[in-house]
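Before any comments, here is the structure.
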Amino acid sequence: MTTTTVSTTQVPLSAPLYGASFGQAVSRFFTKYATFSGRASRSEYWWWALANVIITSVLYGVMMTLIFSGATTSETGAMVPGPLFGLGVALYGIWALVVLVPGLALVWRRLHDTNRSGGFFFLAFIPFVGSIILLVFMLLESNPAGARFDRA
């Protein structure tokens with residue numbers, strides 16, 4: 001019995017990369033920056049989610065360190081942030097803006113892979129249950145019928 005391996009160079013960017021590694025998922029995230037068509041596999045989505053949590057946590061730690069370094073207390077007892085307060089907030093904000101559009105595109109493509117319209121993203125705006133429903137959709141297995149969202 002022989003096993004055939006598919007090289008990632010053989011998988012077009014418009015097709016989902018099933019079994020993507022951490023590096024491949026991050027690379028595809030930035031390569032397909034604003035691509036809302038096509039599909040994204042579970043591994044592409046969840047590896048990027050992990051990378052984003054790690055990067056965001058580090059940036060948050062840097063921001064908090066910069067806020068508290070050099071902080072003073074005013075006469076009223078309120079904390080006055082240190083002089084590097086703006087730098088920490090700027091770094092955190094820039095990252096959030098950089099990943100906003102590709103993050104939405106990735107969610108859109110992941111929904112396509114489950115054979116749902118990307119418009120299902122807007123369920124996240126329903127208080128309490130919307131984000132839970134969206135999370136369940138992100139966890140679902142791929143549906144071959146989602147190929148209808150691939151480029152012709």
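Ligands are numbered from 1 in the order shown, chains are lettered A, B, ... in the order of the structure tokens, and residues start at 1 in each chain.
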Residues near A:Val98, anyone? I mean within 10 Å using only C-alpha atoms, not counting same-chain ones fewer than 4 positions away, as a list in words. Phe30, Tyr33, Gly93, Ile94, Pro102 and Gly103 of chain A
Take the residues just selected and output them with C-alpha atoms as a compact mmCIF listing (two decimals), in the first residue's frame.
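Resulting contents of result-v8.txt:
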# COMPACT_ATOMS: atom_id res chain seq x y z
CA PHE A 30 -1.86 36.95 5.24
CA TYR A 33 -5.69 39.06 3.10
CA GLY A 93 -4.68 49.10 18.14
CA ILE A 94 -2.53 48.77 15.03
CA PRO A 102 -8.39 39.23 6.96
CA GLY A 103 -10.03 37.90 10.13
Excluding same-chain residues fewer than 2 positions from stretch 56-73 of chain A, what lies within 9 Å of it counting only C-alpha atoms, as JSON, numbers by chain? {"A": [51, 52, 53, 54, 75, 76, 77, 78, 79, 80, 81, 82, 83, 84, 85, 86, 87, 88, 89, 90, 91, 92, 95, 96]}
May I have the selected residues written with N, CA and C atoms, as a tab-separated table (two decimals), in the first residue's frame?
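That gives us part_36.tsv:
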chain	number	residue	atom	x	y	z
A	51	ALA	N	-2.63	31.52	16.83
A	51	ALA	CA	-1.58	32.51	16.59
A	51	ALA	C	-2.05	33.90	17.01
A	52	ASN	N	-3.29	34.24	16.69
A	52	ASN	CA	-3.82	35.55	17.04
A	52	ASN	C	-3.95	35.73	18.56
A	53	VAL	N	-4.36	34.68	19.26
A	53	VAL	CA	-4.45	34.76	20.73
A	53	VAL	C	-3.07	34.98	21.33
A	54	ILE	N	-2.07	34.28	20.82
A	54	ILE	CA	-0.71	34.43	21.34
A	54	ILE	C	-0.20	35.85	21.09
A	75	GLU	N	-3.51	63.69	43.09
A	75	GLU	CA	-3.96	64.10	44.42
A	75	GLU	C	-5.27	63.42	44.81
A	76	THR	N	-6.09	63.07	43.84
A	76	THR	CA	-7.37	62.43	44.13
A	76	THR	C	-7.24	60.92	44.33
A	77	GLY	N	-6.05	60.41	44.13
A	77	GLY	CA	-5.82	58.98	44.29
A	77	GLY	C	-5.96	58.19	43.00
A	78	ALA	N	-6.24	58.86	41.90
A	78	ALA	CA	-6.38	58.18	40.61
A	78	ALA	C	-5.01	57.92	40.00
A	79	MET	N	-4.90	56.82	39.29
A	79	MET	CA	-3.64	56.50	38.63
A	79	MET	C	-3.50	57.32	37.36
A	80	VAL	N	-2.35	57.88	37.15
A	80	VAL	CA	-2.03	58.61	35.93
A	80	VAL	C	-1.04	57.74	35.16
A	81	PRO	N	-1.42	57.30	33.95
A	81	PRO	CA	-0.54	56.40	33.19
A	81	PRO	C	0.81	57.04	32.91
A	82	GLY	N	1.79	56.16	32.68
A	82	GLY	CA	3.14	56.61	32.37
A	82	GLY	C	3.21	57.27	31.01
A	83	PRO	N	4.36	57.84	30.68
A	83	PRO	CA	4.51	58.57	29.42
A	83	PRO	C	4.42	57.68	28.17
A	84	LEU	N	4.63	56.38	28.31
A	84	LEU	CA	4.58	55.49	27.15
A	84	LEU	C	3.20	54.86	26.95
A	85	PHE	N	2.22	55.38	27.67
A	85	PHE	CA	0.85	54.88	27.58
A	85	PHE	C	0.36	54.82	26.13
A	86	GLY	N	0.55	55.91	25.40
A	86	GLY	CA	0.08	55.99	24.01
A	86	GLY	C	0.74	54.97	23.10
A	87	LEU	N	2.02	54.68	23.33
A	87	LEU	CA	2.73	53.71	22.50
A	87	LEU	C	2.12	52.32	22.66
A	88	GLY	N	1.84	51.92	23.91
A	88	GLY	CA	1.24	50.61	24.15
A	88	GLY	C	-0.12	50.47	23.51
A	89	VAL	N	-0.95	51.49	23.66
A	89	VAL	CA	-2.28	51.47	23.07
A	89	VAL	C	-2.18	51.47	21.54
A	90	ALA	N	-1.24	52.23	20.99
A	90	ALA	CA	-1.06	52.29	19.54
A	90	ALA	C	-0.65	50.92	18.98
A	91	LEU	N	0.29	50.24	19.63
A	91	LEU	CA	0.71	48.91	19.15
A	91	LEU	C	-0.46	47.93	19.14
A	92	TYR	N	-1.20	47.93	20.21
A	92	TYR	CA	-2.35	47.03	20.33
A	92	TYR	C	-3.41	47.38	19.28
A	95	TRP	N	-2.35	46.40	15.61
A	95	TRP	CA	-2.52	44.96	15.36
A	95	TRP	C	-3.99	44.64	15.11
A	96	ALA	N	-4.88	45.21	15.92
A	96	ALA	CA	-6.31	44.95	15.76
A	96	ALA	C	-6.78	45.39	14.38
In Å, rounded to a single decimal, give me how far atom CA of A:Phe29 is from atom CA of A:Leu106.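 Calculated distance between atom CA of A:Leu106 and atom CA of A:Phe29 is 7.2 Å.
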Please return, as a ChimeraX atom specification, all residues of stretch 32-142 of chain A that DSSP assigns to strand (DSSP E) on the basis of the backbone. /A:72-73,79-80
Across A:Gln24, A:Thr114, A:Gln10, A:Thr31, the smallest distance to A:Glu44, with only C-alpha atoms counted, is shown by A:Gln24
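Across the model, the gap from atom CA of A:Phe122 to atom CA of A:Arg42 is 19.6 Å.
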What is the atom CA of A:Trp48 to atom CA of A:Phe22 distance in Å?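 Atom CA of A:Phe22 lies at a distance of 7.3 Å from atom CA of A:Trp48.
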Find the spatial neighbours of A:Ala147, counting only C-alpha atoms, within a cut-off of 10 Å - ignore same-chain residues fewer than 2 positions away - and output them as a list in words. Ala15, Pro16, Gly38, Arg39, His112, Asp113, Thr114, Asn115, Ser142, Asn143, Pro144, Ala145, Phe149, Asp150, Arg151 and Ala152 of chain A
Can you write just those residues out, N, CA and C atoms, as a PDB file, in the first residue's frame?
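Listed below is the output, result.pdb:
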ATOM      1  N   ALA A  15      -8.660  26.989  -2.787  1.00  0.00           N
ATOM      2  CA  ALA A  15      -9.149  25.751  -2.175  1.00  0.00           C
ATOM      3  C   ALA A  15      -8.697  25.683  -0.719  1.00  0.00           C
ATOM      4  N   PRO A  16      -9.473  25.009   0.111  1.00  0.00           N
ATOM      5  CA  PRO A  16      -9.064  24.872   1.513  1.00  0.00           C
ATOM      6  C   PRO A  16      -7.867  23.933   1.638  1.00  0.00           C
ATOM      7  N   GLY A  38     -14.094  31.418  -1.822  1.00  0.00           N
ATOM      8  CA  GLY A  38     -13.358  30.192  -1.540  1.00  0.00           C
ATOM      9  C   GLY A  38     -13.693  29.663  -0.156  1.00  0.00           C
ATOM     10  N   ARG A  39     -12.852  28.732   0.305  1.00  0.00           N
ATOM     11  CA  ARG A  39     -13.122  28.072   1.582  1.00  0.00           C
ATOM     12  C   ARG A  39     -11.849  28.026   2.420  1.00  0.00           C
ATOM     13  N   HIS A 112     -18.076  29.162   4.454  1.00  0.00           N
ATOM     14  CA  HIS A 112     -18.249  28.552   3.135  1.00  0.00           C
ATOM     15  C   HIS A 112     -17.876  27.070   3.180  1.00  0.00           C
ATOM     16  N   ASP A 113     -16.834  26.727   3.924  1.00  0.00           N
ATOM     17  CA  ASP A 113     -16.384  25.333   3.998  1.00  0.00           C
ATOM     18  C   ASP A 113     -17.419  24.447   4.681  1.00  0.00           C
ATOM     19  N   THR A 114     -18.270  25.039   5.495  1.00  0.00           N
ATOM     20  CA  THR A 114     -19.351  24.271   6.132  1.00  0.00           C
ATOM     21  C   THR A 114     -20.640  24.371   5.317  1.00  0.00           C
ATOM     22  N   ASN A 115     -20.531  24.891   4.078  1.00  0.00           N
ATOM     23  CA  ASN A 115     -21.645  25.066   3.144  1.00  0.00           C
ATOM     24  C   ASN A 115     -22.664  26.082   3.650  1.00  0.00           C
ATOM     25  N   SER A 142     -15.980  19.941   7.573  1.00  0.00           N
ATOM     26  CA  SER A 142     -16.161  20.467   6.227  1.00  0.00           C
ATOM     27  C   SER A 142     -17.305  19.739   5.545  1.00  0.00           C
ATOM     28  N   ASN A 143     -18.017  20.461   4.694  1.00  0.00           N
ATOM     29  CA  ASN A 143     -19.105  19.883   3.924  1.00  0.00           C
ATOM     30  C   ASN A 143     -18.717  19.989   2.451  1.00  0.00           C
ATOM     31  N   PRO A 144     -18.616  18.848   1.743  1.00  0.00           N
ATOM     32  CA  PRO A 144     -18.205  18.899   0.333  1.00  0.00           C
ATOM     33  C   PRO A 144     -19.084  19.808  -0.524  1.00  0.00           C
ATOM     34  N   ALA A 145     -20.334  20.011  -0.123  1.00  0.00           N
ATOM     35  CA  ALA A 145     -21.227  20.881  -0.892  1.00  0.00           C
ATOM     36  C   ALA A 145     -20.758  22.336  -0.841  1.00  0.00           C
ATOM     37  N   PHE A 149     -18.837  27.499  -3.318  1.00  0.00           N
ATOM     38  CA  PHE A 149     -18.289  28.831  -3.066  1.00  0.00           C
ATOM     39  C   PHE A 149     -16.886  29.012  -3.668  1.00  0.00           C
ATOM     40  N   ASP A 150     -16.332  27.947  -4.248  1.00  0.00           N
ATOM     41  CA  ASP A 150     -15.019  28.043  -4.884  1.00  0.00           C
ATOM     42  C   ASP A 150     -15.125  28.825  -6.181  1.00  0.00           C
ATOM     43  N   ARG A 151     -14.005  29.407  -6.578  1.00  0.00           N
ATOM     44  CA  ARG A 151     -13.979  30.110  -7.861  1.00  0.00           C
ATOM     45  C   ARG A 151     -14.101  29.105  -8.993  1.00  0.00           C
ATOM     46  N   ALA A 152     -14.803  29.499  -9.997  1.00  0.00           N
ATOM     47  CA  ALA A 152     -15.004  28.580 -11.141  1.00  0.00           C
ATOM     48  C   ALA A 152     -13.779  28.521 -12.006  1.00  0.00           C
TER      49      ALA A 152
END
Restricting the calculation to only C-alpha atoms, which member of A:Leu100, A:Ala105, A:Leu111, A:Leu17 is positioned closest to A:Phe137?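 Selected residue with least distance to A:Phe137: A:Leu111.
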Of the residues A:Trp108, A:Ser74, A:Ser14, A:Ser131, which is the one nearest to A:Tyr45, using only C-alpha atoms? A:Trp108
Picked from stretch 29-74 of chain A by DSSP as alpha helix (DSSP H), as a PyMOL selection string: chain A and resi 29-31+42-68
Would you save the residues of that selection, restricted to N, CA and C atoms, as a compact mmCIF listing (two decimals), in the first residue's frame?
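Saved file out.txt follows:
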# COMPACT_ATOMS: atom_id res chain seq x y z
N PHE A 29 -3.26 33.00 5.85
CA PHE A 29 -4.07 34.09 6.40
C PHE A 29 -3.65 35.42 5.80
N PHE A 30 -2.34 35.67 5.76
CA PHE A 30 -1.86 36.95 5.24
C PHE A 30 -1.82 36.98 3.71
N THR A 31 -1.65 35.81 3.07
CA THR A 31 -1.64 35.76 1.61
C THR A 31 -3.03 36.03 1.06
N ARG A 42 -10.81 23.71 8.76
CA ARG A 42 -10.78 23.91 10.22
C ARG A 42 -9.38 24.18 10.70
N SER A 43 -8.41 23.45 10.16
CA SER A 43 -7.03 23.65 10.62
C SER A 43 -6.53 25.05 10.27
N GLU A 44 -6.87 25.56 9.10
CA GLU A 44 -6.49 26.92 8.75
C GLU A 44 -7.07 27.92 9.74
N TYR A 45 -8.34 27.74 10.06
CA TYR A 45 -9.02 28.67 10.96
C TYR A 45 -8.47 28.60 12.39
N TRP A 46 -8.38 27.40 12.94
CA TRP A 46 -8.01 27.27 14.35
C TRP A 46 -6.54 27.51 14.60
N TRP A 47 -5.65 27.20 13.66
CA TRP A 47 -4.24 27.55 13.85
C TRP A 47 -4.08 29.06 13.85
N TRP A 48 -4.82 29.75 12.96
CA TRP A 48 -4.73 31.20 12.97
C TRP A 48 -5.31 31.76 14.27
N ALA A 49 -6.40 31.19 14.76
CA ALA A 49 -7.00 31.65 16.02
C ALA A 49 -5.98 31.55 17.15
N LEU A 50 -5.23 30.44 17.19
CA LEU A 50 -4.20 30.27 18.22
C LEU A 50 -3.11 31.32 18.06
N ALA A 51 -2.63 31.52 16.83
CA ALA A 51 -1.58 32.51 16.59
C ALA A 51 -2.05 33.90 17.01
N ASN A 52 -3.29 34.24 16.69
CA ASN A 52 -3.82 35.55 17.04
C ASN A 52 -3.95 35.73 18.56
N VAL A 53 -4.36 34.68 19.26
CA VAL A 53 -4.45 34.76 20.73
C VAL A 53 -3.07 34.98 21.33
N ILE A 54 -2.07 34.28 20.82
CA ILE A 54 -0.71 34.43 21.34
C ILE A 54 -0.20 35.85 21.09
N ILE A 55 -0.32 36.32 19.86
CA ILE A 55 0.19 37.65 19.51
C ILE A 55 -0.57 38.73 20.28
N THR A 56 -1.89 38.61 20.37
CA THR A 56 -2.69 39.59 21.09
C THR A 56 -2.34 39.60 22.56
N SER A 57 -2.11 38.44 23.15
CA SER A 57 -1.75 38.37 24.57
C SER A 57 -0.40 39.04 24.83
N VAL A 58 0.55 38.79 23.96
CA VAL A 58 1.86 39.43 24.11
C VAL A 58 1.72 40.95 23.99
N LEU A 59 0.99 41.41 22.98
CA LEU A 59 0.80 42.85 22.80
C LEU A 59 0.05 43.47 23.97
N TYR A 60 -0.90 42.75 24.52
CA TYR A 60 -1.63 43.25 25.69
C TYR A 60 -0.68 43.38 26.89
N GLY A 61 0.18 42.38 27.07
CA GLY A 61 1.17 42.45 28.15
C GLY A 61 2.11 43.63 27.97
N VAL A 62 2.56 43.85 26.74
CA VAL A 62 3.43 44.99 26.46
C VAL A 62 2.68 46.29 26.75
N MET A 63 1.43 46.36 26.31
CA MET A 63 0.64 47.57 26.53
C MET A 63 0.48 47.84 28.03
N MET A 64 0.15 46.82 28.80
CA MET A 64 -0.04 47.02 30.24
C MET A 64 1.27 47.41 30.92
N THR A 65 2.38 46.81 30.48
CA THR A 65 3.68 47.17 31.04
C THR A 65 4.00 48.63 30.76
N LEU A 66 3.74 49.07 29.54
CA LEU A 66 4.01 50.46 29.18
C LEU A 66 3.07 51.42 29.92
N ILE A 67 1.85 51.00 30.16
CA ILE A 67 0.91 51.85 30.88
C ILE A 67 1.34 52.04 32.33
N PHE A 68 1.78 50.94 32.97
CA PHE A 68 2.11 51.01 34.38
C PHE A 68 3.53 51.48 34.66
